[in-house]
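*Asks:* One structure, pasted below without further comment.
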Amino acid sequence: MVGKGQKMIRVTLNVNGRDYVVEVKPHWTLLHVLRDQLGLTGVKYGCGTGECGACTVLIDGKPMTSCLVLAASADGRKIVTIEGIADKGKLHPIQEAFIEAGAIQCGYCTPGMILTAKALLEKNPNPTEEEVRRAIDGNLCRCTGYVKIVKAILEAAKKMKA
Amino acid sequence: MDVIKEFKVIGKRLPSHDAVEKATGQTKYADDFALPGMIYGKILRAKYPHARIKRIDTSKAEKLDGVYCVLTHKDVPNNAIISRFGQTRAVGGFEGVYRVLAEGKVRYYGEPVALVAAETEEIAEKAIDLIEVEYEELEGVFDPREAMDPKAPKIEDGKSNVVARFKIRKGDVAKGFAEADVIVENEYMSQFIDHAYLEPEAGVAWVEDDGSITIRVSTQVIEHYREIAHVLGIPESRVRVITPKIGGGFGGKEDITVEYYLALLAWKTGRPVKIVQTREESLSFRSKRHPYKFKYKTGVKKDGTIVAVEAELISDAGAYMTLSPWVLLYSTVNAIGPYNVPNVKVDSYTVLTNHPPSGAYRTFGAGQACVAYEQQMDEVAKKLGMDPVEFRKKNYLKKGDTMANGWKIPNTVALHETTDLVLKYLGKKPKPSGPKKLVGMGIASGMCSYGRMIFLHDTSRSKVRLELDGSVTIECGVQDVGAGQEASLCQIVSEVLGVPLKKIRIISGDTAATPIAGTTTATRQLYMSGNATYLAAMKVRDNILTKASEIFGVDKSELIIEDEKIKTKDGKSISLRDIAVACAADGVELFCEAQFNAPFGEVPDPETGQGRVFPDFTYGTTGAIVEIDTETGEVEVKKIASAFDVGTAINPMRVEGQIEGGAAMGIGWALTEDVKFEKGIAKAQSFAEYIIATAVDVPEIKSIIVENHDGLGPFGARGVGEVVLAPVPPAVINAVADALGKRIKELPITGERILLALREKS
Amino acid sequence: MPLFRPKEYFRVATVGEAVSLLKRFGGAAAILAGGTDLLVAKPPHVEYIVDISRLPLNYIKKGARGVRIGALATLNDIAASPELREEPYDVIARSTWDMGTPLTKNFATIGGNICNAAPSADMPPSLIALDAEARIIGPRGKRRVFLEDFFIGPKKSVLKRGELLAEIFVPRAPANTKAVFLKKGRTSEDIAQVNVAVRLTVDDGLCKAARIVLGAVAPTPIRAKAAERMLEGKGLKEISQIMVDVARKAAEETKPISDVRAPAEYRRSVAEVLTKRALLNLMERFGGA
């Protein structure tokens with residue numbers, strides 16, 4: 001049997017404000033646990049090597065690729081996924097801006113892109129276009145050419161200040 | 001189509017109906033779905049590009065705890081099948097054999113050899129590792145020109161590697177070249193490109209209560225259910241394919257991805273089975289854009305009139321023929337581009353090699369041709385001492401001209417307009433930002449058909465139902481790859497029936513639940529299913545207007561539909577809800593289906609290539625400005641502008657999205673993307689090696705929409721999804737050549753190729 | 001192909017605990033800091049993961065003797081650190097700019113970038129140019145190694161069984177020291193095709209010390225010592241005149257390979273260009289050009 005002799009680790013993950021106690025194997029990634037144990041499928045597998053950003057989540061407020069984070073290592077961390085950013089059913093201004101600007105095509109990069117944008121705007125509420133582009137440099141999109149994504153993030157920044 | 005004169009919804013920048021679900025992470029893509037008792041499939045892949053299989057031993061894998069089954073070709077009821085793509089007429093010469101699992105020998109590195117289903121993905125991985133395969137390596141062939149040699153190793157034993165060849169003969173090229181003042185000959189190439197959609201190939205299959213099979217899979221072609229049935233040896237009626245929202249396709253999910261494997265494993269185990277391919281599998285083993293080798297010879301008069309073009313095109317089909325002949329036919333028909341040329345001779349070949357099968361990829365061979373003919377246009381202009389824009393303008397096709405295949409163009413070719421708009425936006429070529437820098441500006445024009453080749457006799461169907469509360473349900477078997485395939489249908493119905501988008505629901509992509517609407521390929525959904533949906537909505541409209549005319553006692557033509565009401569000119573009105581109830585009470589049909597047929601034709605004459613191949617084309621122009629660092633060879637794209645005549649933009653925001661996305665993809669094609677096969681093995685196996693453009697790499701992109709309203713789609717629309725890519729790579733390439741004063745004829749244009757070119761020049 | 005299936009995971013609270021586990025398991029153990037290299041490589045021989053991410057080694061401190069950077073400082077911490085704004089330490093922050101993605105830099109650590117010992121790593125050239133040393137803790141206590149001597153081949157360092165890189169120490173630079181880091185990749189977030197750090201210390205108008213450190217052009221980051229010697233003792237004006245020759249000499253000292261990212265010849269050409277540009281940049285900043 002595979003994994004025979006693999007010792008499970010009990011971890012507590014605080015995800016979207018709620019504590020989950022899960023048993024994980026030593027090599028399981030946070031991506032795997034969020035998707036397959038907790039059912040948070042808004043987190044996407046795109047490459048598994050930290051290059052595409054589809055699996056982006058916020059860990060203690062910072063965007064990280066969850067495919068390169070060991071679940072065991074995330075014990076006790078505060079994690080936010082795309083499922084956790086709308087406020088009681090009201091969309092986050094970045095989500096609204098993405099929808100209105102036509103920044104979403106196939107939508108597979110969208111959750112990661114929005115979370116990265118959220119972390120950016122929390123740190124820098126008034127970014128330049130160049131700063132926005134640099135911030136999303138690790139979130140690949142194959143559909144949009146990024147034009148409307150960048151526009152949406154700048155629009156959201158304006159909205160959030162107002 | 002002139003029933004509706006003023007648009008309230010068409011042409012508006014409305015957010016797509018599914019954007020909220022996508023923005024909140026609720027959309028359930030293929031991998032986001034699970035069933036109780038689900039097990040996991042994995043694929044054992046060939047370790048050699050060309051080898052005899054001497055022995056396969058699956059016994060150790062079968063004994064592993066948690067393994068449900070291990071399958072090899074012996075377990076596949078019909079392992080060797082003819083691959084077809086959608087509900088097409090059987091056309092000889094275009095279809096080749098495809099093997100579900102390697103049998104006797106492997107033909108490319110990574111070819112599936114065996115399948116495993118196990119309780120967890122990890123057990124399946126372990127089981128794959130326990131399968132023993134003994135190979136005897138064979139000599140491989142990796143260059144299509146070499147593979148054409150009769151002495152080259154054969155991919156299909158005893159058969160020629162050349163699996164298709166086409167010709168175009170128009171006028172008399174010998175006479176044409178004799179009249180020419182200047183003749184220019186060149187060779188070009190285009191490389192292996194990956195689709196790099198963010199969602200890898202994935203799906204879940206299960207056995208239904210009645211013993212039939214359902215496969216929920218990320219695919220552009222749900223109609224593969226027919227082939228899946230053939231592989232399993234069961235009636236087509238017992239296989240159902242559903243596609244959820246697709247995380248990008250670009251042609252890479254046009255041929256079969258994981259469907260056969262899912263179906264076989266679910267069939268054999270009786271359990272729901274999931275397969276998700278890794279990015280490495282996707283990059284290394286899945287279909288790629290065909291690489292091409294081109295030879296061009298162009299004859300022109302001193303005044304810039306093209307008198308003759310002769311071209312040879314050779315494409316690398318990879319180890320199975322799949323779509324290669326069709327892709328080649330696209331390249332062949334597009335070989336001279338949107339130019340009026342009296343004498344044309346084109347010879348094209350697609351050749352099997354020991355590479356993974358090449359397949360469909362946005363523009364389907366028209367893009368590769370554009371890479372070649374647009375470089376050639378610049379080279380000819382240079383030799384003539386003529387401005388490349390002026391040279392193009394002198395030769396652009398126009399309404400009434402005849403293409404190389406003899407088709408007389410019945411509608412607008414707005415290339416003068418698109419080129420002028422692009423040039424106006426680009427402005428003057430800027431000065432270099434410093435010493436050791438060169439700036440270049442390039443333009444390219446391109447064309448791509450929309451709708452499938454007319455000898456396939458393509459059709460689409462759609463249903464529109466007015467509900468009793470005045471809301472609307474659309475049922476149409478489109479596959480939504482993210483370009484708005486569903487959203488456009490919603491917008492069309494909203495316009496025709498005066499129902500707001502939020503009250504329209506669309507059910508799509510299910511062979512058992514929705515009318516078959518054909519493939520999401522060939523830029524055909526807006527054209528085909530848009531028309532079918534328009535027709536279905538018009539039937540509903542006609543029925544309710546007829547009823548309303550009875551109620552109000554006025555002629556139908558006196559009635560208008562808006563704001564969920566039918567109104568008379570003198571201010572009376574009835575709500576859609578009330579009219580629906582009234583119709584239902586009288587048995588008037590509120591659920592209407594319509595079929596739209598594309599023009600039907602025959603395969604062009606094989607000796608001359610004469611005959612219409614496509615319903616219509618979309619044309620446009622891209623311009624690029626680049627700056628080159630002459631010491632490191634780095635190319636920075638500073639600006640891109642693209643203009644296309646899209647007929648009518650159903651939603652300009654989405655059209656811009658296509659143009660912008662095409663621009664980013666085209667930059668990668670020209671400059672960074674290369675799967676780089678060495679002896680049949682992909683060197684780029686992750687996004688660390690396969691470089692696609694990020695937000696930082698993409699420059700300012702200006703998308704320009706031209707609307708002449710004479711396309712074949714609903715409301716005069718033309719297809720836009722593919723053509724937007726075609727002229728981008730050659731525009732960038734031409735800008736680089738302009739900067740360097742020398743042309744690099746191989747792709748991608750890497751730093752090392754730039755330095756080499758500069759060295760050769762000095 | 002065997003799979004990455006470690007048997008056990010340990011999260012350590014002290015350096016001592018880490019050292020004792022690493023000693024016990026030897027080659028079967030892997031250190032997890034950020035994880036951005038380990039989870040890409042997924043080495044199948046690893047049976048034990050020693051997670052050091054919670055050790056108190058995430059700091060960047062400037063003192064009278066120099067700058068101490070804890071091995072767990074992330075690349076984004078380094079990029080943003082106020083302690084690394086002043087010359088010549090700014091070159092350390094600059095080295096993080098074009099590396100990895102903004103997402104991975106939130107947890108990729110400087111210690112990982114060094115210990116992974118990739119010839120193309122972006123952090124080592126600048127640190128070597130500033131004569132940084134690796135502070136290592138092991139079963140026999142602490143030891144120090146100049147970072148220049150830390151690498152012995154691709155993916156190989158001097159770390160012995162049970163040893164852990166705890167800190168990078170960058171000694172206080174002599175007055176009038178400036179350094180620059182340049183990198184060429186295929187795009188903004190690519191792994192380096194070539195990178196280079198050049199540092200000069202100038203006193204009385206003469207170059208007192210020079211370092212030219214190149215990455216991705218040999219099995220380890222290398223110092224172009226012959227090229228450095230051409231600079232030492234020279235006046236700024238003279239350096240401006242011999243810059244092109246120095247750069248050429250530095251390129252001659254490289255031993256690049258060809259791979260999917262670039263052919264060897266290209267790497268050598270770019271090594272020369274980047275070295276020249278680095279020198280030019282320094283000359284401008286020293287006001288000697």
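The chains in the structure tokens are called A, B, ... from first to last as shown; in each chain the residues are counted from 1, and the ligands are counted from 1 in the order shown.
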Per residue of chain A within 6 Å of chain C, record the nearest atom pair and its distance in Å to one decimal, counting only C-alpha atoms, with rows in chain order and ascending residue number, as a Markdown table.
*Replies:*
```
| residue | atom | partner | partner_atom | distance |
| --- | --- | --- | --- | --- |
| A:Gln6 | CA | C:Lys7 | CA | 4.1 |
| A:Lys7 | CA | C:Glu8 | CA | 5.4 |
| A:Pro26 | CA | C:Tyr9 | CA | 5.3 |
| A:Thr49 | CA | C:Val40 | CA | 5.3 |
| A:Pro63 | CA | C:Leu103 | CA | 5.7 |
| A:Met64 | CA | C:Leu103 | CA | 4.7 |
| A:Leu68 | CA | C:Leu39 | CA | 5.5 |
| A:Gly138 | CA | C:Thr101 | CA | 4.6 |
```
*Asks:* Would you pick out the contacts of region 258-270 of chain C at 9 Å or less, using only C-alpha atoms, so that residues sharing its chain but fewer than 4 positions from it are not included, and give the list as a PyMOL selection string?
*Replies:* (chain B and resi 631-633+676+683-684+689+750-752+755-756) or (chain C and resi 184-186+191-195+216-217+248+251-252+254+274-275)
*Asks:* Taking into account only C-alpha atoms, which residue in the set C:Thr201, C:Ser157, C:Ser20, C:Ser81 is nearest to Ala173 (chain C)?
*Replies:*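 With only C-alpha atoms as the atom set, the closest residue is C:Thr201.
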*Asks:* With only C-alpha atoms as the counted atoms, please give the residues lying no more than 10 Å from region 105-113 of chain B, apart from itself and same-chain residues fewer than 3 positions off, as a count of residues only.
*Replies:* 49
*Asks:* When DSSP works through the backbone of this structure, what residues of region 96-311 of chain B end up as helix (DSSP H, G or I), shown as a ChimeraX atom specification?
*Replies:* /B:121-130,144-147,173-179,222-232,236-238,259-269,279-285
*Asks:* Can you work out which one of B:Lys301, B:Arg505, B:Arg362, B:Lys745 has the shortest atom-to-atom distance to chain A, counting only C-alpha atoms?
*Replies:* B:Arg362
*Asks:* Under the rule that only C-alpha atoms are counted, which of C:Asn76, C:Glu167, C:Ala218, C:Thr187 is the nearest residue to chain B?
*Replies:*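 For chain B, the nearest of the candidates is C:Thr187.
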*Asks:* For chain A, work out the contacting residues on chain B at 6 Å, counting only C-alpha atoms, and write them as a list in words.
*Replies:* Pro15, Ala19, Lys22, Ala23, Thr24, Gly25, Asp32, Asp65, Ile123, Leu198, Glu199, Gly247, Gly248, Arg279, Val481, Gly482, Ala483, Gly657, Glu660, Gly661, Ala664, Phe687, Thr694, Ala695 and Val696 of chain B
*Asks:* Of the candidates C:Lys234, C:Lys160, C:Lys183, C:Lys178, which shows the shortest atom-to-atom distance to Gly205 (chain C), using only C-alpha atoms?
*Replies:*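 Once distances to Gly205 (chain C) are computed over only C-alpha atoms, the minimum belongs to C:Lys234.
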*Asks:* Return as a PyMOL selection string the full set of residues in region 427-643 of chain B whose backbone-based DSSP assignment is strand (DSSP E or B).
*Replies:* chain B and resi 437-450+459-466+472-476+504-508+510+560-562+565-567+573-575+591-597+616-629+635-643
*Asks:* Can you tell me, as JSON, numbers by chain, what residues are no more than 10 Å from Val439 (chain B) when counting only C-alpha atoms, ignoring any on the same chain fewer than 3 positions away?
*Replies:* {"B": [429, 430, 431, 432, 433, 625, 626, 627, 628, 629, 635, 636, 637, 638, 735, 736, 737, 738, 739, 740]}
*Asks:* So which one's closest to Val91 (chain C), C:Met123, C:Met283, C:Ala271, C:Ala224? Using only C-alpha atoms, please.
*Replies:*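 The answer is C:Met123, which sits nearest to Val91 (chain C).
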*Asks:* Let me make sure I understand: among C:Ile137, C:Leu164, C:Ala73, C:Leu182, which one has the smallest atom-to-atom distance to chain B if we use only C-alpha atoms?
*Replies:*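 Looking at the shortest contact to chain B, the residue is C:Leu182.
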*Asks:* Find the distance between CA of Arg18 (chain A) and CA of Val12 (chain C) and write it in Å to one decimal.
*Replies:*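 Value for the CA of Arg18 (chain A)-CA of Val12 (chain C) distance: 25.8 Å.
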